[in-house]
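J.: There's a structure below that I have some questions on.
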Amino acid sequence: MRVSAILSFLLLVPAACFVVSSGRSPATVGTFCLSSSLSPTVPEVDAENGDAPAVGALSMGLDELAEKLGGLGRARLAWDCYSIGIDPALFFGSVISPGAEDFETISSLIPTKRRSHTLAKEALEKLAALYPDTAGGKVEGGVAKLSYMSQASDNTTKLLLRLADGLEVETVIIPMADSRSTLCISSQIGCKQACTFCATGRMGKLRSLTSDEILAQLFFARKICRLYELPHITNVVFMGMGEPADNAQAVIKAVQIMTTRSLFQMSAHKIAISTVAPSPDSFRRFAKTPCTLAWSVHAANDELRKKLVPTTKYTMAELRQGFIDALLSRPPKFRTAMLEVALMAGVNDSQTEADELAEFARVITDSVPGCKLIVNLIPFNDIGQDLFQKPSGEAVLAFQKRLWRQGVGAHTRVTRGDDESAACGQLATTKKTKRAASRAQPRNPKKIA
Ligand code: SF4
């Protein structure tokens, strides 16, 4: 992953730096500026990274789903539901019916021209056949089930989803100040990159998620935002559990669905894939994906970087060349990129490391015409850590100013949700101790349909 997990802990507040909000509602955000010029190329599954994703309705575009369900109108109606976190198998089945608490609300969210339409028994049976291993073709209760939810005082909301095989994955909704939310999403359960400061890294990799399981996180997050009146999810960062490059095929497929106007309707400019870069090729895998590329560098110095990311097999110069090549393969106006650094006290927060990082960043901007590079500084959140500590505010500010003075754009990410282990990767690793508290209701609770 990316910094992610790393950051995991931190619970990031992402997007503020890398994505510019359009101010439009998710439903009207244009998707395709990037998609049109960067059509996702789904790479072949390789033996090492394997985990070919199972594909169900959530991973199907309109045409493919129309073919399966027997009509474009049926597919549109199903996606009207999925895109707002409603399971059509439940809504049009017998579980939610007229008179139910949420029925009228849900109906009002479906486009007027299809509000009176329904998925009849035959269509529901075809939908169920797309998920033969899950009960009744359901995403909710089939692909995944919400098993735990917690909310911090700043409304950062963590969801733990139990998958069909009983494993659990976490995702975090981070409300921002400007009426939008960022979703920190996971690509794997555990991670094999073993970054020394990362809670997820200590789990090892249990398995990669399918594209349906990745998209189910957005599905549930949209539902929770609707029910708990949280701001719409407009941004997605792959900074939860797992390394996206180790599950590239499913991640790319998921991003493709997220950024399709008729599906999840997200802007490519508001999705960031963050990779720790197991190899220079990691960047190439996402070069054509409609998203912002982010690299979790943590240190520009090879020796220090190897201590923080012990699975690193390449020098920083070799990895940087892969990053440069990937950026050069993108259209100039889509060369915004990020370098992410989890700052730890006495480890990588000195002026020397700032100078090394500035020089490292300059080579990238000098090599890639039109590149807008932003360094994201993420003060380490030392919850439960004994090896690494949070840097002082003075050290973080001095680091940032050192970069600025050398012409390198830098942003310090605000840590969010401290009171609820909000950092990605923390919930799954602490859920046993949290479980007992899971009965506690989030603030402003509403019925979960
Ligand atoms: S161990 Fe994996 S999830 Fe954790 S920071 Fe490293 S790459 Fe990211």
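Simple scheme: letters A, B, ... for chains in structure tokens order, numbers from 1 for residues in each chain, numbers from 1 for ligands in the order shown.
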Quick one: residues within 8 Å of Ala89 of chain A, only C-alpha atoms counted, chain neighbours fewer than 5 positions away excluded, as a ChimeraX atom specification?

T.: /A:124,127-128,136-138

J.: Need to verify the contact set: segment 186-194 of chain A, 8 Å, only C-alpha atoms, exclusion of same-chain residues closer than 6 positions in sequence. Can you return it as a ChimeraX atom specification?

T.: /A:1,167-171,200-209,214,238-244,247,251,278,309-311

J.: Any idea what's packed within 9 Å of Ser350 of chain A, counting only C-alpha atoms, ignoring anything in its chain fewer than 5 positions away? Could you give it as a list of chain:residue names?

T.: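 Those residues are A:Ala345, A:Asp355, A:Ala395, A:Val396, A:Ala398, A:Phe399.
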
J.: Go through A:Thr196, A:Ser107, A:Thr415, A:Ser116 one by one, measure the shortest atom-to-atom distance of each to ligand 1 using only C-alpha atoms and all ligand atoms, and give the residue with the smallest value.

T.: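 Going through A:Thr196, A:Ser107, A:Thr415, A:Ser116 one by one, the smallest distance to ligand 1 is for A:Thr196.
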
J.: In Å, how far is it from atom CA of Ser179 of chain A to atom CA of Thr157 of chain A?

T.: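 Interatomic distance, atom CA of Ser179 of chain A to atom CA of Thr157 of chain A: 15.1 Å.
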
J.: Neighbouring residues of Val237 of chain A were defined as those with any atom within 7 Å, considering only C-alpha atoms; residues of the same chain fewer than 6 positions away were excluded. Please report them as a list of chain:residue names.

T.: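 Neighbouring residues, sequence-local ones excluded: A:Leu183, A:Cys184, A:Ile185, A:Ile271, A:Ala272, A:Ile273.
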
J.: Output C-alpha atoms for every residue in the selection just made, as a CSV table (one decimal), in the first residue's frame.

T.:
chain,number,residue,atom,x,y,z
A,183,LEU,CA,-13.2,7.6,2.1
A,184,CYS,CA,-10.1,5.8,3.1
A,185,ILE,CA,-10.4,2.4,1.4
A,271,ILE,CA,-9.3,9.3,-6.3
A,272,ALA,CA,-5.8,8.7,-5.2
A,273,ILE,CA,-3.9,5.4,-5.3

J.: May I have the residues within 10 Å of segment 74-78 of chain A as a ChimeraX atom specification, using only C-alpha atoms and disregarding those fewer than 5 positions away in the same chain?

T.: /A:57-58,60-69,83,86-89,91-92,110-111,114-115,117-120,123-124,127,262-263

J.: Just to be explicit: take each residue in the selection above, keep N, CA and C atoms, and write the result as a short mmCIF file (atom, residue, chain, number, x, y, z; two decimals), in the first residue's frame.

T.:
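What landed in selection_28.cif:
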data_model
loop_
_atom_site.label_atom_id
_atom_site.label_comp_id
_atom_site.auth_asym_id
_atom_site.auth_seq_id
_atom_site.Cartn_x
_atom_site.Cartn_y
_atom_site.Cartn_z
N ALA A 57 -22.16 -8.14 -9.71
CA ALA A 57 -22.88 -6.99 -10.25
C ALA A 57 -22.18 -5.67 -9.95
N LEU A 58 -21.58 -5.55 -8.76
CA LEU A 58 -20.94 -4.29 -8.40
C LEU A 58 -19.77 -3.95 -9.31
N MET A 60 -19.74 -4.62 -12.55
CA MET A 60 -20.20 -4.61 -13.93
C MET A 60 -20.70 -3.23 -14.34
N GLY A 61 -20.32 -2.82 -15.52
CA GLY A 61 -20.87 -1.60 -16.10
C GLY A 61 -22.29 -1.83 -16.57
N LEU A 62 -22.91 -0.77 -17.07
CA LEU A 62 -24.32 -0.88 -17.46
C LEU A 62 -24.56 -1.92 -18.54
N ASP A 63 -23.73 -1.91 -19.57
CA ASP A 63 -23.98 -2.83 -20.69
C ASP A 63 -23.84 -4.28 -20.25
N GLU A 64 -22.80 -4.54 -19.49
CA GLU A 64 -22.59 -5.93 -19.04
C GLU A 64 -23.72 -6.37 -18.12
N LEU A 65 -24.10 -5.49 -17.21
CA LEU A 65 -25.17 -5.86 -16.28
C LEU A 65 -26.51 -5.99 -17.02
N ALA A 66 -26.70 -5.13 -18.03
CA ALA A 66 -27.94 -5.21 -18.81
C ALA A 66 -28.05 -6.58 -19.50
N GLU A 67 -26.93 -7.04 -19.98
CA GLU A 67 -26.92 -8.35 -20.65
C GLU A 67 -27.28 -9.46 -19.66
N LYS A 68 -26.79 -9.32 -18.44
CA LYS A 68 -27.04 -10.35 -17.42
C LYS A 68 -28.48 -10.29 -16.92
N LEU A 69 -29.01 -9.08 -16.79
CA LEU A 69 -30.35 -8.94 -16.20
C LEU A 69 -31.47 -8.94 -17.23
N SER A 83 -25.42 2.95 -6.39
CA SER A 83 -24.64 4.18 -6.31
C SER A 83 -24.96 5.00 -5.06
N ILE A 86 -27.78 1.42 -1.71
CA ILE A 86 -28.99 0.64 -1.53
C ILE A 86 -28.82 -0.68 -2.27
N ASP A 87 -29.15 -1.77 -1.64
CA ASP A 87 -29.02 -3.06 -2.31
C ASP A 87 -30.32 -3.37 -3.04
N PRO A 88 -30.31 -3.40 -4.38
CA PRO A 88 -31.56 -3.65 -5.11
C PRO A 88 -32.16 -5.01 -4.79
N ALA A 89 -31.32 -5.97 -4.42
CA ALA A 89 -31.85 -7.29 -4.07
C ALA A 89 -32.72 -7.20 -2.82
N PHE A 91 -34.06 -4.04 -1.70
CA PHE A 91 -35.07 -3.01 -1.91
C PHE A 91 -36.24 -3.52 -2.75
N PHE A 92 -35.90 -4.28 -3.80
CA PHE A 92 -36.97 -4.79 -4.66
C PHE A 92 -37.40 -6.19 -4.27
N ILE A 110 -34.10 7.84 -6.06
CA ILE A 110 -34.02 7.23 -7.39
C ILE A 110 -34.52 8.25 -8.42
N PRO A 111 -33.84 8.36 -9.57
CA PRO A 111 -34.29 9.33 -10.57
C PRO A 111 -35.79 9.21 -10.85
N ARG A 114 -37.47 6.72 -13.16
CA ARG A 114 -37.48 5.28 -12.84
C ARG A 114 -38.06 5.00 -11.45
N ARG A 115 -38.58 6.04 -10.83
CA ARG A 115 -39.03 5.88 -9.44
C ARG A 115 -40.18 4.89 -9.31
N HIS A 117 -40.50 2.29 -11.24
CA HIS A 117 -40.11 1.00 -11.80
C HIS A 117 -39.69 0.04 -10.69
N THR A 118 -39.59 -1.20 -11.06
CA THR A 118 -39.19 -2.20 -10.07
C THR A 118 -38.40 -3.32 -10.75
N LEU A 119 -37.64 -4.03 -9.97
CA LEU A 119 -37.01 -5.25 -10.47
C LEU A 119 -37.92 -6.41 -10.07
N ALA A 120 -38.49 -7.03 -11.05
CA ALA A 120 -39.42 -8.11 -10.77
C ALA A 120 -38.68 -9.39 -10.44
N ALA A 123 -35.93 -10.69 -12.81
CA ALA A 123 -34.69 -9.90 -12.78
C ALA A 123 -33.93 -10.14 -11.48
N LEU A 124 -34.65 -10.27 -10.39
CA LEU A 124 -33.98 -10.52 -9.10
C LEU A 124 -33.31 -11.88 -9.09
N LEU A 127 -30.19 -11.45 -10.97
CA LEU A 127 -29.23 -10.72 -10.13
C LEU A 127 -28.60 -11.68 -9.11
N SER A 262 -22.30 6.74 -15.05
CA SER A 262 -23.57 6.06 -14.79
C SER A 262 -23.50 5.11 -13.60
N LEU A 263 -22.33 5.00 -12.98
CA LEU A 263 -22.18 4.05 -11.87
C LEU A 263 -21.95 4.84 -10.57
#

J.: Calculated over only C-alpha atoms, which of the candidates A:Ala248, A:Cys198, A:Leu327, A:Val143 has the smallest distance to Asp382 of chain A?

T.: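 Going through A:Ala248, A:Cys198, A:Leu327, A:Val143 one by one, the smallest distance to Asp382 of chain A is for A:Cys198.
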
J.: Excluding Ala317 of chain A and residues on its chain fewer than 2 positions from it, collect all residues at most 10 Å away from it, counting only C-alpha atoms, and give them as a PDB file with N, CA and C atoms, in the first residue's frame.

T.:
ATOM      1  N   PRO A 280       9.721  -0.683  -9.363  1.00  0.00           N
ATOM      2  CA  PRO A 280       9.455   0.449 -10.276  1.00  0.00           C
ATOM      3  C   PRO A 280       8.225   0.196 -11.131  1.00  0.00           C
ATOM      4  N   ALA A 300      14.064   9.585   1.540  1.00  0.00           N
ATOM      5  CA  ALA A 300      14.742   9.539   0.236  1.00  0.00           C
ATOM      6  C   ALA A 300      16.067   8.806   0.323  1.00  0.00           C
ATOM      7  N   ASN A 301      16.542   8.658   1.538  1.00  0.00           N
ATOM      8  CA  ASN A 301      17.827   8.007   1.797  1.00  0.00           C
ATOM      9  C   ASN A 301      17.645   6.486   1.771  1.00  0.00           C
ATOM     10  N   ASP A 302      18.426   5.797   0.952  1.00  0.00           N
ATOM     11  CA  ASP A 302      18.239   4.349   0.777  1.00  0.00           C
ATOM     12  C   ASP A 302      18.346   3.566   2.079  1.00  0.00           C
ATOM     13  N   TYR A 314      14.631  -2.359  -4.260  1.00  0.00           N
ATOM     14  CA  TYR A 314      15.202  -1.453  -5.254  1.00  0.00           C
ATOM     15  C   TYR A 314      15.716  -0.187  -4.558  1.00  0.00           C
ATOM     16  N   THR A 315      16.636   0.474  -5.233  1.00  0.00           N
ATOM     17  CA  THR A 315      17.113   1.754  -4.696  1.00  0.00           C
ATOM     18  C   THR A 315      16.043   2.816  -4.945  1.00  0.00           C
ATOM     19  N   LEU A 319      13.396   3.290  -8.119  1.00  0.00           N
ATOM     20  CA  LEU A 319      11.945   3.475  -7.947  1.00  0.00           C
ATOM     21  C   LEU A 319      11.502   4.821  -8.511  1.00  0.00           C
ATOM     22  N   ARG A 320      12.311   5.826  -8.279  1.00  0.00           N
ATOM     23  CA  ARG A 320      11.960   7.161  -8.786  1.00  0.00           C
ATOM     24  C   ARG A 320      11.853   7.162 -10.305  1.00  0.00           C
ATOM     25  N   GLN A 321      12.740   6.421 -10.963  1.00  0.00           N
ATOM     26  CA  GLN A 321      12.669   6.380 -12.423  1.00  0.00           C
ATOM     27  C   GLN A 321      11.352   5.744 -12.876  1.00  0.00           C
ATOM     28  N   GLY A 322      10.899   4.732 -12.140  1.00  0.00           N
ATOM     29  CA  GLY A 322       9.603   4.128 -12.467  1.00  0.00           C
ATOM     30  C   GLY A 322       8.470   5.133 -12.289  1.00  0.00           C
ATOM     31  N   PHE A 323       8.571   5.952 -11.259  1.00  0.00           N
ATOM     32  CA  PHE A 323       7.566   6.997 -10.994  1.00  0.00           C
ATOM     33  C   PHE A 323       7.582   8.020 -12.134  1.00  0.00           C
ATOM     34  N   PHE A 360      15.378  15.057  -3.871  1.00  0.00           N
ATOM     35  CA  PHE A 360      14.732  13.899  -4.502  1.00  0.00           C
ATOM     36  C   PHE A 360      13.516  14.357  -5.312  1.00  0.00           C
ATOM     37  N   VAL A 363      14.273  16.281  -8.719  1.00  0.00           N
ATOM     38  CA  VAL A 363      14.605  15.446  -9.887  1.00  0.00           C
ATOM     39  C   VAL A 363      13.328  15.031 -10.609  1.00  0.00           C
TER      40      VAL A 363
END

J.: Just list the residues in segment 160-228 of chain A DSSP gives alpha helix (DSSP H) on the backbone, as a PyMOL selection string.

T.: chain A and resi 211-227

J.: Can I get the selected residues back with C-alpha atoms, as a compact mmCIF listing (two decimals), in the first residue's frame?

T.:
# COMPACT_ATOMS: atom_id res chain seq x y z
CA SER A 211 -13.09 -5.62 -6.92
CA ASP A 212 -16.58 -6.26 -5.53
CA GLU A 213 -15.21 -6.21 -1.99
CA ILE A 214 -13.35 -2.97 -2.66
CA LEU A 215 -16.47 -1.40 -4.14
CA ALA A 216 -18.59 -2.72 -1.29
CA GLN A 217 -16.65 -0.33 0.98
CA LEU A 218 -17.88 2.61 -1.07
CA PHE A 219 -21.37 1.12 -1.20
CA PHE A 220 -21.57 0.87 2.62
CA ALA A 221 -19.96 4.27 3.10
CA ARG A 222 -22.53 5.90 0.84
CA LYS A 223 -25.24 4.19 2.84
CA ILE A 224 -23.86 5.29 6.20
CA CYS A 225 -23.41 8.87 4.99
CA ARG A 226 -27.05 8.89 3.93
CA LEU A 227 -28.35 7.40 7.16

J.: Within 9 Å of Ser279 of chain A, counting only C-alpha atoms, which residues qualify if same-chain residues fewer than 3 places away don't, as a PyMOL selection string?

T.: chain A and resi 245+276+282-283+312-314+318-319+322

J.: Hey, can you check how far atom CA of Ala152 of chain A sits from atom CA of Val255 of chain A?

T.: 27.8 Å

J.: One number please: atom 4 (Fe, counted along the ligand's line) of ligand 1 to atom CA of Ser267 of chain A, in Å, one decimal.

T.: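 So the answer is 26.2 Å.
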
J.: Taking only C-alpha atoms and all ligand atoms into account, name the residue in A:His298, A:Arg362, A:Lys401, A:Lys121 that is nearest to ligand 1.

T.: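 Answer, going by the shortest atom-to-atom distance: A:His298.
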
J.: Between A:Cys81, A:Cys195, A:Val297, A:Val341, which is the closest to ligand 1 once you count only C-alpha atoms and all ligand atoms?

T.: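 Counting only C-alpha atoms and all ligand atoms, the residue closest to ligand 1 is A:Cys195.
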
J.: Could you find all residues in segment 70-315 of chain A that DSSP calls strand (DSSP E or B) from the backbone, and write them as a ChimeraX atom specification?

T.: /A:140,144-151,157-163,168-175,181-184,188-190,205-208,233-238,271-275,292-296

J.: Nearest to Lys158 of chain A: which of A:Val172, A:Thr182, A:Leu130, A:Gly73 is it, counting only C-alpha atoms?

T.: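 Of the candidates, the smallest distance to Lys158 of chain A is held by A:Val172.
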
J.: Nearest to Lys145 of chain A among A:Glu356, A:Asp386, A:Asp80, A:Asp165, with distances taken over only C-alpha atoms: which residue is it?

T.: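 Selected residue with least distance to Lys145 of chain A: A:Asp165.
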